[in-house]
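These notes concern the structure reproduced below.
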Amino acid sequence: MADLLDFNHREKPPSFADTVNGRIDAALVAENATRPQRDYLGSSRLGDICARRLQYEYLRVPRDPDGAFSGQSLRIFALGHVLEDLAIDWLRKAGFDLRTRNRQGEQFGFSVAGGRVQGHADGVILAGPDGFAGPALWECKSANAKNWREIAKHGVARAKPVYAAQIALYQAYLGLTEVPAVFTAVNKDTCEIWHERVPFDAALAQGTSDKAVNILRACDAGETLPRHTVDPEHFECRFCAWKVRCWE
Ligand code: SF4
């Protein structure tokens with residue numbers, strides 16, 4: 001029996017797709033590892049529900065082994081940048097004078113608390129068709145179909161409080177409070193687009209700024225901020241990059 005053929009127990013070789021995808025993911029992850037880590041609180045994140053998570057981010061606490069950015073996550077980020085560039089082009093073609101750089105050629109942004117809190121805005125609209133008069137903050141996000149529909153149904157403030165906090169803070173620190181911001185959302189699945197005006201919410205800006213101060217104070221004092229929930233199976237925790245560190 002020893003000389004009978006047996007092809008049934010051979011290891012299945014990786015498919016062409018697995019091989020190529022694996023190489024791409026490895027290259028993206030390696031490239032990402034060369035990028036300097038942020039050493040400030042990013043204003044785009046300050047609306048996050050969990051102050052402890054923001055503290056981990058600011059202190060550059062290592063992510064859990066399975067919490068590192070995957071190749072797929074990095075592709076999703078990259079796609080967001082491409083869609084933002086497209087949205088800029090579409091708005092300009094529609095007649096909006098949308099600037100993404102200031103006179104010095106730098107991205108519109110701000111830095112406060114000795115550089116420990118920073119933010120970089122997607123753009124500023126100076127003028128537009130149908131009597132649109134700026135300057136107005138412009139913020140653009142891409143979303144999957146489900147999230148995009150939520151935004152289009154309820155508006156950004158209700159559907160995505162994290163984005164609303166970011167908008168309010170940018171308006172405050174960039175001095176763009178007089179004219180409502182313009183928010184663009186691109187549906188990644190269908191390429192539908194959503195636009196809305198977002199009036200300045202002073203209370204939200206103040207609350208978000210206070211939150212940043214509290215996080216910095218806790219970091220300086222060596223305090224760990226409370227979790228946002230007592231349930232480790234909370235949706236936000238299940239997908240948190242520090243879940244093991246936080247709960248175990
Ligand atoms: S696991 Fe949950 S409570 Fe802990 S940092 Fe992450 S989101 Fe916050």
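So you can find residues: chains in the structure tokens are A, B, ... in the order shown, residues in each start at 1, and ligands are numbered from 1 in order.
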
Using 6 Å as the limit and counting only C-alpha atoms and all ligand atoms, can you tabulate each residue of chain A that touches ligand 1, with its shortest atom-to-atom distance in Å and the two atoms involved, as JSON lines?
{"residue": "A:Cys50", "atom": "CA", "partner": "ligand 1", "partner_atom_place_in_ligand_line": "8 (Fe)", "distance": 4.7}
{"residue": "A:Arg52", "atom": "CA", "partner": "ligand 1", "partner_atom_place_in_ligand_line": "5 (S)", "distance": 4.9}
{"residue": "A:Arg53", "atom": "CA", "partner": "ligand 1", "partner_atom_place_in_ligand_line": "5 (S)", "distance": 3.9}
{"residue": "A:Arg227", "atom": "CA", "partner": "ligand 1", "partner_atom_place_in_ligand_line": "3 (S)", "distance": 4.0}
{"residue": "A:His228", "atom": "CA", "partner": "ligand 1", "partner_atom_place_in_ligand_line": "3 (S)", "distance": 5.2}
{"residue": "A:Thr229", "atom": "CA", "partner": "ligand 1", "partner_atom_place_in_ligand_line": "3 (S)", "distance": 5.8}
{"residue": "A:Glu236", "atom": "CA", "partner": "ligand 1", "partner_atom_place_in_ligand_line": "7 (S)", "distance": 5.1}
{"residue": "A:Cys237", "atom": "CA", "partner": "ligand 1", "partner_atom_place_in_ligand_line": "2 (Fe)", "distance": 3.6}
{"residue": "A:Cys240", "atom": "CA", "partner": "ligand 1", "partner_atom_place_in_ligand_line": "6 (Fe)", "distance": 4.6}
{"residue": "A:Trp242", "atom": "CA", "partner": "ligand 1", "partner_atom_place_in_ligand_line": "6 (Fe)", "distance": 5.3}
{"residue": "A:Lys243", "atom": "CA", "partner": "ligand 1", "partner_atom_place_in_ligand_line": "1 (S)", "distance": 3.8}
{"residue": "A:Cys246", "atom": "CA", "partner": "ligand 1", "partner_atom_place_in_ligand_line": "4 (Fe)", "distance": 4.6}

(Q) Which residues are close to Ala168 (chain A), i.e. within 12 Å by only C-alpha atoms, leaving aside same-chain residues fewer than 2 positions away? Reply as a PyMOL selection string. (A) chain A and resi 43-44+46-47+119+121+136-139+156-157+161-166+170-183+198-209

Can I get the selection written as a short mmCIF file (atom, residue, chain, number, x, y, z; two decimals), in the first residue's frame, with N, CA and C atoms?
data_model
loop_
_atom_site.label_atom_id
_atom_site.label_comp_id
_atom_site.auth_asym_id
_atom_site.auth_seq_id
_atom_site.Cartn_x
_atom_site.Cartn_y
_atom_site.Cartn_z
N SER A 43 -7.42 66.96 17.32
CA SER A 43 -8.77 67.48 17.53
C SER A 43 -9.84 66.67 16.81
N SER A 44 -9.45 65.98 15.77
CA SER A 44 -10.44 65.18 15.05
C SER A 44 -10.91 64.01 15.90
N LEU A 46 -11.22 64.25 19.41
CA LEU A 46 -11.64 64.65 20.76
C LEU A 46 -13.11 64.37 21.06
N GLY A 47 -13.91 64.18 20.03
CA GLY A 47 -15.31 63.85 20.26
C GLY A 47 -15.51 62.39 20.60
N GLY A 119 -5.04 70.61 15.37
CA GLY A 119 -6.06 70.17 14.43
C GLY A 119 -5.74 70.70 13.04
N ALA A 121 -7.63 71.32 9.34
CA ALA A 121 -8.94 71.32 8.69
C ALA A 121 -8.82 70.90 7.23
N ALA A 136 -16.12 79.88 5.31
CA ALA A 136 -16.77 78.81 6.07
C ALA A 136 -15.83 77.61 6.13
N LEU A 137 -15.77 77.01 7.29
CA LEU A 137 -14.99 75.77 7.43
C LEU A 137 -15.59 74.70 6.51
N TRP A 138 -14.73 73.92 5.88
CA TRP A 138 -15.21 72.77 5.11
C TRP A 138 -14.62 71.50 5.70
N GLU A 139 -15.50 70.56 5.98
CA GLU A 139 -15.05 69.27 6.52
C GLU A 139 -15.68 68.16 5.69
N VAL A 156 -25.27 65.57 10.66
CA VAL A 156 -24.00 65.12 11.24
C VAL A 156 -24.00 65.22 12.76
N ALA A 157 -24.64 66.26 13.31
CA ALA A 157 -24.57 66.47 14.77
C ALA A 157 -25.18 65.29 15.52
N PRO A 161 -21.60 62.48 16.41
CA PRO A 161 -21.16 63.53 17.35
C PRO A 161 -19.65 63.76 17.33
N VAL A 162 -18.88 62.73 16.99
CA VAL A 162 -17.41 62.91 16.93
C VAL A 162 -17.07 63.95 15.86
N TYR A 163 -17.71 63.85 14.72
CA TYR A 163 -17.44 64.82 13.64
C TYR A 163 -17.94 66.21 14.04
N ALA A 164 -19.10 66.26 14.69
CA ALA A 164 -19.66 67.56 15.09
C ALA A 164 -18.73 68.26 16.08
N ALA A 165 -18.15 67.49 17.00
CA ALA A 165 -17.21 68.09 17.97
C ALA A 165 -15.99 68.63 17.25
N GLN A 166 -15.51 67.88 16.30
CA GLN A 166 -14.36 68.32 15.51
C GLN A 166 -14.68 69.63 14.78
N TYR A 170 -12.81 73.24 15.42
CA TYR A 170 -12.09 73.89 14.32
C TYR A 170 -12.66 75.28 14.06
N GLN A 171 -13.98 75.38 14.07
CA GLN A 171 -14.60 76.70 13.85
C GLN A 171 -14.10 77.69 14.91
N ALA A 172 -14.06 77.21 16.16
CA ALA A 172 -13.65 78.10 17.25
C ALA A 172 -12.20 78.52 17.10
N TYR A 173 -11.32 77.56 16.89
CA TYR A 173 -9.89 77.89 16.88
C TYR A 173 -9.43 78.54 15.58
N LEU A 174 -10.17 78.33 14.51
CA LEU A 174 -9.79 78.98 13.25
C LEU A 174 -10.54 80.29 13.04
N GLY A 175 -11.38 80.67 14.01
CA GLY A 175 -12.11 81.92 13.89
C GLY A 175 -13.13 81.91 12.78
N LEU A 176 -13.76 80.75 12.57
CA LEU A 176 -14.75 80.61 11.49
C LEU A 176 -16.13 80.35 12.08
N THR A 177 -16.52 81.19 13.04
CA THR A 177 -17.76 80.94 13.76
C THR A 177 -18.95 81.69 13.18
N GLU A 178 -18.70 82.70 12.36
CA GLU A 178 -19.80 83.55 11.87
C GLU A 178 -20.65 82.85 10.82
N VAL A 179 -19.99 82.12 9.94
CA VAL A 179 -20.69 81.47 8.83
C VAL A 179 -20.75 79.96 9.11
N PRO A 180 -21.92 79.35 9.00
CA PRO A 180 -21.99 77.90 9.24
C PRO A 180 -20.99 77.12 8.38
N ALA A 181 -20.43 76.08 8.96
CA ALA A 181 -19.50 75.22 8.21
C ALA A 181 -20.26 74.47 7.13
N VAL A 182 -19.50 73.95 6.17
CA VAL A 182 -20.08 73.07 5.15
C VAL A 182 -19.52 71.67 5.40
N PHE A 183 -20.44 70.72 5.54
CA PHE A 183 -20.02 69.34 5.79
C PHE A 183 -20.39 68.49 4.58
N VAL A 198 -23.49 73.62 8.95
CA VAL A 198 -23.40 73.33 10.38
C VAL A 198 -23.11 74.62 11.13
N PRO A 199 -24.13 75.22 11.75
CA PRO A 199 -23.89 76.45 12.52
C PRO A 199 -22.95 76.18 13.69
N PHE A 200 -22.24 77.21 14.10
CA PHE A 200 -21.29 77.05 15.20
C PHE A 200 -22.03 76.72 16.49
N ASP A 201 -21.57 75.70 17.19
CA ASP A 201 -22.14 75.28 18.47
C ASP A 201 -21.10 75.61 19.55
N ALA A 202 -21.28 76.78 20.18
CA ALA A 202 -20.28 77.26 21.14
C ALA A 202 -20.16 76.32 22.34
N ALA A 203 -21.29 75.78 22.81
CA ALA A 203 -21.25 74.91 23.97
C ALA A 203 -20.47 73.62 23.65
N LEU A 204 -20.68 73.11 22.44
CA LEU A 204 -19.97 71.89 22.04
C LEU A 204 -18.46 72.16 21.93
N ALA A 205 -18.12 73.31 21.36
CA ALA A 205 -16.69 73.66 21.25
C ALA A 205 -16.07 73.80 22.63
N GLN A 206 -16.78 74.46 23.54
CA GLN A 206 -16.25 74.65 24.89
C GLN A 206 -16.09 73.31 25.61
N GLY A 207 -17.12 72.48 25.50
CA GLY A 207 -17.08 71.17 26.16
C GLY A 207 -15.94 70.31 25.62
N THR A 208 -15.72 70.38 24.31
CA THR A 208 -14.65 69.58 23.70
C THR A 208 -13.28 70.09 24.13
N SER A 209 -13.16 71.42 24.19
CA SER A 209 -11.90 72.01 24.65
C SER A 209 -11.64 71.64 26.11
#

Q) Which residue out of A:Ala221, A:Val244, A:Val20, A:Leu169 has the minimum interatomic distance to Val117 (chain A) when only C-alpha atoms are used? A)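 Closest to Val117 (chain A), using only C-alpha atoms: A:Leu169.
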
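If you measure from each of A:Ala27, A:Leu5, A:Leu59, A:Ala185 to Gly222 (chain A) using only C-alpha atoms, the closest one turns out to be A:Leu59.
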
Q: Run DSSP on the backbone and give me the residues of region 9-239 of chain A it puts in helix (DSSP H, G or I), as a count of residues only.
A: 108

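Across the model, the gap from CA of Thr100 (chain A) to CA of Arg197 (chain A) is 18.2 Å.
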
Q: Calculate how many Å separate CA of Arg116 (chain A) from CA of Arg63 (chain A), rounding to one decimal.
A: 20.7 Å

Q.
Just checking: using only C-alpha atoms, which residue out of A:Ala143, A:Ala51, A:Ala33, A:Leu98 ends up closest to Ser70 (chain A)?
A. A:Ala33

Q. Which of chain A counts as strand (DSSP E) under DSSP, as a PyMOL selection string please?
A. chain A and resi 41-42+97-99+109-112+117-120+123-127+133-143+181-187+193-198

Q) Separation of CA of Gln55 (chain A) and CA of His234 (chain A), in Å? A) 18.7 Å

Q. Which residues, written as a PyMOL selection string, have at least one atom at most 12 Å from Leu28 (chain A), with only C-alpha atoms counted and residues fewer than 6 positions away on the same chain left out?
A. chain A and resi 21-22+34-35+69-78

Q.
Using only C-alpha atoms, which protein or nucleic acid residues come within 12 Å of Trp90 (chain A)? Drop anything in the same chain fewer than 6 positions from it, and give the result as a list of chain:residue names.
A. A:Leu83, A:Glu84, A:Phe96, A:Asp97, A:Leu98, A:Thr184, A:Val186, A:Ile193
